[in-house]
Amino acid sequence: MCSSRMSMKWISVLLLLQLSCQFSPGGCGKVLVWPTEYSHWINMKIILDELVQRGHEVTVLTSSASVLVDANKPSAIKFEIYPTSFTKDDFENLFMTLVSKWTYTLKGTFWTYFPLVEEIILEYTDSILKLCKDAVLNKELMTKLQESRFDVILADAIGPCGELLAELLKVPYVYSLRFFPGYTVEKQSGGIPLPPSYVPIILSELSDQMTFIERVKNMVYVLYFDFWFQTFHEDWDQFYSEVLGRPTTLSELMGKAEMWLIRTYWDLEFPRPLLPHFKFVGGLHCKPAKPLPKEMEQFAQSSGEDGIVVFSLGSMVTNLTKEHANMIASALAQIPQKVIWRYKGKKPDTLGPNTRLYKWIPQNDLLGHPKTKAFITHGGANGIYEAVYHGIPMVGIPLFAEQPDNIARMKNKGAAVRLDISTMSSADLLNALKTVINDPSYKENVMKLSRIHHDQPMKPLDRAVFWIEFVMRHKGAKHLRPASHDLSWFQYHSLDVIGFLLACVATAVLVLAKCVLFCCQKFAKTGKKGKSE
């Protein structure tokens, strides 16, 4: 009897799954995922969970050294784990070392700062290349993936290899991406136009309202990153060519992406040109706040009319130097608000009774709490979007990557005050907090951005999933691919056409000059002949 009931239960489950597949816009599909770590994985997992909810079969291809991708947790997502020479500690230490090096580097001159950034990115991508080799050269793994017959591959362009897997498995693929340094991948591989006259390059910290000197600076950034990108992927080009048995480049394969899901939106971005296969999905992780844990709720309520301040430096930076921690704690102790601070380090000596430390906080729920007055953030895209979603003004302390750009844009839009971790004092932090809490313009400006974010015909997560399913339904999205991908650089800029037209004009001028000269000479001879007669 019990066995019969169990059989009926599983039959019901299978029938429900079949029905969900039939009514899903994309039908049941098989998705292979090439993930990256930390906030990138957090964003991607939200998409994967939604795909699973809609009846799709999702398989994440991850190494045994992965930091956050945990295959041991119960999940509807499948995990294909391949061995690598890295250990988890090796990988985590590499990330932490690179982040620390970038965080505490003073941004001096262009020629000293960006070579260091280039060195950090190259060290990171070298490790990703090793992981890629461990996966692609694993014949047993590749055979298994071939036999699985996936419908689409989802990859993060900041960690290459997904495009090579797609080429080998002959499967269309979709990118999830926040940015690549200098927008080089988006421009050179995605074909997106980026006029440097009014589109500020990522990592430049400029706005779209640039002075002449800032436009010169932006152009220098463009040229620098374009040149750097050409040298950056030489090792990748060689490996990809060896695996495919023909000359190719990383840029060429990345250019075959069917869809680019860019994790930003017009509330954060400045207006700029886009192409049909670029879709903004910024804030896809945002959602209404849930109730806080009891003890945290009691602490928030004890703040009275003054409210609370939420402080977090993200998933990768949970510790600070003793000097920085004491300086920050001293400033927080002087404000009337209660403070909830995500911090794993040693308790600062100057910590005030109004501040509580937590190793983990429900950040989204805190930012959506009615008592929250301000958010001290490192400027990661996830935190920025949660603050915009809930309409919370910010004090930005950017540390690395695109965080300075994110904070610069929030500052430009009047929703944040920016501080520098290397030079700020307790007084600076105290004044910044007083400004964003007491000056009503900051709340008004961030609420305006929040209304823009909420006023969309489709939620960002639904938009991301729709386009993945779209690629599965149509076996790609070639009709959205611009013809610029098939042009050389001189054809793209119409240099051949300009050269031809200049040649035509030069020829016409030369013929006209010859005709005039001939006529003048003819007239001169005729005149001389008349005089002699």
# chains A, B, ... in the order shown; residues from 1 in each chain; ligands from 1
call {"tool": "residues_around", "arguments": {"residues": "segment 232-249 of chain A", "least_positions_apart": "6", "cutoff": "8 Å", "atoms": "only C-alpha atoms", "output": "ChimeraX atom specification"}}
result
/A:122,129,164,168
call {"tool": "write_last_selection", "arguments": {"atoms": "C-alpha atoms", "output": "PDB file, in the first residue's frame"}}
result
ATOM      1  CA  LEU A 122      45.860  39.418 -15.799  1.00  0.00           C
ATOM      2  CA  LEU A 129      42.517  30.076 -18.057  1.00  0.00           C
ATOM      3  CA  LEU A 164      34.759  27.906 -26.115  1.00  0.00           C
ATOM      4  CA  LEU A 168      32.821  22.744 -28.968  1.00  0.00           C
TER       5      LEU A 168
END
call {"tool": "residues_around", "arguments": {"residues": "segment 373-387 of chain A", "least_positions_apart": "6", "cutoff": "6 Å", "atoms": "only C-alpha atoms", "output": "MDAnalysis selection string"}}
result
chainID A and resid 283 286 308:313 393:398 403 406:407
call {"tool": "closest_residue", "arguments": {"among": "A:Met296, A:Ile392, A:Ala333, A:Leu399", "to": "Leu320 of chain A", "atoms": "only C-alpha atoms"}}
result
A:Leu399
call {"tool": "residues_around", "arguments": {"residues": "Pro172 of chain A", "least_positions_apart": "5", "cutoff": "8 Å", "atoms": "only C-alpha atoms", "output": "PDB file with C-alpha atoms, in the first residue's frame"}}
result
ATOM      1  CA  ASP A 151      19.981  23.857 -25.488  1.00  0.00           C
ATOM      2  CA  VAL A 152      21.873  26.921 -24.298  1.00  0.00           C
ATOM      3  CA  ILE A 153      24.961  27.908 -22.315  1.00  0.00           C
ATOM      4  CA  ALA A 166      29.622  26.649 -26.762  1.00  0.00           C
ATOM      5  CA  ALA A 257      27.153  35.481 -28.148  1.00  0.00           C
ATOM      6  CA  GLU A 258      23.451  35.440 -28.990  1.00  0.00           C
ATOM      7  CA  VAL A 471      17.451  31.842 -27.466  1.00  0.00           C
ATOM      8  CA  MET A 472      16.414  28.282 -26.613  1.00  0.00           C
ATOM      9  CA  LYS A 475      18.149  28.116 -31.465  1.00  0.00           C
ATOM     10  CA  GLY A 476      19.860  31.499 -31.238  1.00  0.00           C
TER      11      GLY A 476
END
call {"tool": "residues_around", "arguments": {"residues": "Ile77 of chain A", "least_positions_apart": "4", "cutoff": "8 Å", "atoms": "only C-alpha atoms", "output": "number ranges by chain"}}
result
A: 48-49, 52, 57-60
call {"tool": "select_by_dssp", "arguments": {"residues": "segment 23-155 of chain A", "states": "alpha helix (DSSP H)", "output": "JSON, numbers by chain"}}
result
{"A": [23, 39, 40, 41, 42, 43, 44, 45, 46, 47, 48, 49, 50, 51, 52, 53, 88, 89, 90, 91, 92, 93, 94, 95, 96, 97, 98, 99, 100, 101, 102, 103, 110, 111, 112, 113, 114, 115, 116, 117, 118, 119, 120, 121, 122, 123, 124, 125, 126, 127, 128, 129, 130, 131, 132, 133, 134, 135, 136, 139, 140, 141, 142, 143, 144, 145, 146, 147, 148]}
call {"tool": "closest_atom_pairs", "arguments": {"of": "segment 70-167 of chain A", "to": "segment 173-194 of chain A", "cutoff": "10 Å", "atoms": "only C-alpha atoms", "output": "tab-separated table"}}
result
residue	atom	partner	partner_atom	distance
A:Val117	CA	A:Pro181	CA	9.5
A:Glu118	CA	A:Pro181	CA	9.1
A:Ile121	CA	A:Pro181	CA	9.0
A:Asp151	CA	A:Tyr173	CA	8.8
A:Val152	CA	A:Tyr173	CA	5.3
A:Ile153	CA	A:Tyr173	CA	4.4
A:Leu154	CA	A:Val174	CA	5.0
A:Ala155	CA	A:Tyr175	CA	5.1
A:Asp156	CA	A:Ser176	CA	4.8
A:Ala157	CA	A:Leu177	CA	5.9
A:Ile158	CA	A:Phe180	CA	6.4
A:Gly159	CA	A:Leu177	CA	9.7
A:Gly162	CA	A:Tyr173	CA	7.8
A:Glu163	CA	A:Tyr173	CA	7.1
A:Leu165	CA	A:Tyr173	CA	9.2
A:Ala166	CA	A:Tyr173	CA	6.3
A:Glu167	CA	A:Tyr173	CA	9.1
call {"tool": "write_last_selection", "arguments": {"atoms": "N, CA, C and O atoms", "output": "mmCIF file, in the first residue's frame"}}
result
data_model
loop_
_atom_site.group_PDB
_atom_site.id
_atom_site.type_symbol
_atom_site.label_atom_id
_atom_site.label_comp_id
_atom_site.auth_asym_id
_atom_site.auth_seq_id
_atom_site.Cartn_x
_atom_site.Cartn_y
_atom_site.Cartn_z
ATOM 1 N N VAL A 117 46.270 47.837 -12.108
ATOM 2 C CA VAL A 117 44.960 47.220 -12.354
ATOM 3 C C VAL A 117 45.091 46.151 -13.433
ATOM 4 O O VAL A 117 44.532 45.054 -13.314
ATOM 5 N N GLU A 118 45.844 46.466 -14.471
ATOM 6 C CA GLU A 118 46.078 45.504 -15.562
ATOM 7 C C GLU A 118 46.754 44.246 -15.028
ATOM 8 O O GLU A 118 46.375 43.120 -15.375
ATOM 9 N N ILE A 121 44.190 42.140 -13.061
ATOM 10 C CA ILE A 121 43.232 41.462 -13.943
ATOM 11 C C ILE A 121 43.902 40.300 -14.679
ATOM 12 O O ILE A 121 43.314 39.220 -14.844
ATOM 13 N N ASP A 151 20.655 22.930 -24.579
ATOM 14 C CA ASP A 151 19.981 23.857 -25.488
ATOM 15 C C ASP A 151 20.623 25.239 -25.495
ATOM 16 O O ASP A 151 20.517 25.978 -26.478
ATOM 17 N N VAL A 152 21.252 25.607 -24.393
ATOM 18 C CA VAL A 152 21.873 26.921 -24.298
ATOM 19 C C VAL A 152 22.942 26.883 -23.208
ATOM 20 O O VAL A 152 22.863 26.066 -22.276
ATOM 21 N N ILE A 153 23.941 27.736 -23.348
ATOM 22 C CA ILE A 153 24.961 27.908 -22.315
ATOM 23 C C ILE A 153 24.841 29.324 -21.777
ATOM 24 O O ILE A 153 24.716 30.290 -22.537
ATOM 25 N N LEU A 154 24.861 29.453 -20.458
ATOM 26 C CA LEU A 154 24.856 30.758 -19.790
ATOM 27 C C LEU A 154 26.213 30.947 -19.145
ATOM 28 O O LEU A 154 26.664 30.096 -18.369
ATOM 29 N N ALA A 155 26.882 32.053 -19.467
ATOM 30 C CA ALA A 155 28.233 32.294 -18.954
ATOM 31 C C ALA A 155 28.393 33.747 -18.557
ATOM 32 O O ALA A 155 27.645 34.614 -19.008
ATOM 33 N N ASP A 156 29.375 33.999 -17.706
ATOM 34 C CA ASP A 156 29.730 35.370 -17.330
ATOM 35 C C ASP A 156 30.984 35.739 -18.113
ATOM 36 O O ASP A 156 32.013 35.071 -18.007
ATOM 37 N N ALA A 157 30.901 36.817 -18.891
ATOM 38 C CA ALA A 157 32.004 37.192 -19.779
ATOM 39 C C ALA A 157 33.263 37.607 -19.022
ATOM 40 O O ALA A 157 34.347 37.636 -19.600
ATOM 41 N N ILE A 158 33.139 37.928 -17.718
ATOM 42 C CA ILE A 158 34.320 38.320 -16.952
ATOM 43 C C ILE A 158 35.217 37.116 -16.676
ATOM 44 O O ILE A 158 36.389 37.252 -16.351
ATOM 45 N N GLY A 159 34.658 35.906 -16.821
ATOM 46 C CA GLY A 159 35.440 34.677 -16.674
ATOM 47 C C GLY A 159 35.327 33.851 -17.935
ATOM 48 O O GLY A 159 34.439 33.000 -18.058
ATOM 49 N N GLY A 162 33.198 30.000 -21.401
ATOM 50 C CA GLY A 162 31.859 29.600 -21.815
ATOM 51 C C GLY A 162 31.699 29.619 -23.320
ATOM 52 O O GLY A 162 31.036 28.748 -23.906
ATOM 53 N N GLU A 163 32.339 30.599 -23.970
ATOM 54 C CA GLU A 163 32.238 30.708 -25.430
ATOM 55 C C GLU A 163 32.964 29.554 -26.131
ATOM 56 O O GLU A 163 32.534 29.091 -27.189
ATOM 57 N N LEU A 165 33.319 26.474 -24.782
ATOM 58 C CA LEU A 165 32.427 25.327 -24.568
ATOM 59 C C LEU A 165 31.279 25.339 -25.568
ATOM 60 O O LEU A 165 30.906 24.308 -26.119
ATOM 61 N N ALA A 166 30.726 26.527 -25.809
ATOM 62 C CA ALA A 166 29.622 26.649 -26.762
ATOM 63 C C ALA A 166 30.062 26.251 -28.166
ATOM 64 O O ALA A 166 29.317 25.588 -28.899
ATOM 65 N N GLU A 167 31.272 26.636 -28.540
ATOM 66 C CA GLU A 167 31.796 26.301 -29.867
ATOM 67 C C GLU A 167 32.018 24.794 -29.997
ATOM 68 O O GLU A 167 31.702 24.187 -31.025
#
call {"tool": "closest_residue", "arguments": {"among": "A:Pro288, A:Ala325, A:Met458, A:Ser64", "to": "Leu367 of chain A", "atoms": "only C-alpha atoms"}}
result
A:Pro288
call {"tool": "residues_around", "arguments": {"residues": "Lys217 of chain A", "least_positions_apart": "4", "cutoff": "10 Å", "atoms": "only C-alpha atoms", "output": "NGL selection string"}}
result
:A and (110 or 196 or 200-201 or 204 or 206 or 210-213 or 221-222)
call {"tool": "residues_around", "arguments": {"residues": "Cys132 of chain A", "least_positions_apart": "4", "cutoff": "9 Å", "atoms": "only C-alpha atoms", "output": "list in words"}}
result
Ser127, Ile128, Val136, Leu137, Pro160, Cys161, Gly162 and Leu164 of chain A
call {"tool": "residues_around", "arguments": {"residues": "Ser148 of chain A", "least_positions_apart": "3", "cutoff": "12 Å", "atoms": "only C-alpha atoms", "output": "VMD selection string"}}
result
chain A and resid 29 to 32 57 to 59 80 141 to 145 151 to 152 169 171
call {"tool": "atom_distance", "arguments": {"atom1": "atom CA of Pro83 of chain A", "atom2": "atom CA of Leu98 of chain A"}}
result
23.6 Å
call {"tool": "atom_distance", "arguments": {"atom1": "atom CA of Glu444 of chain A", "atom2": "atom CA of Pro293 of chain A"}}
result
29.2 Å
call {"tool": "closest_residue", "arguments": {"among": "A:His485, A:Gln209, A:Met447, A:Pro370", "to": "Asn412 of chain A", "atoms": "only C-alpha atoms"}}
result
A:Gln209
call {"tool": "atom_distance", "arguments": {"atom1": "atom CA of Cys504 of chain A", "atom2": "atom CA of Ser484 of chain A"}}
result
25.4 Å
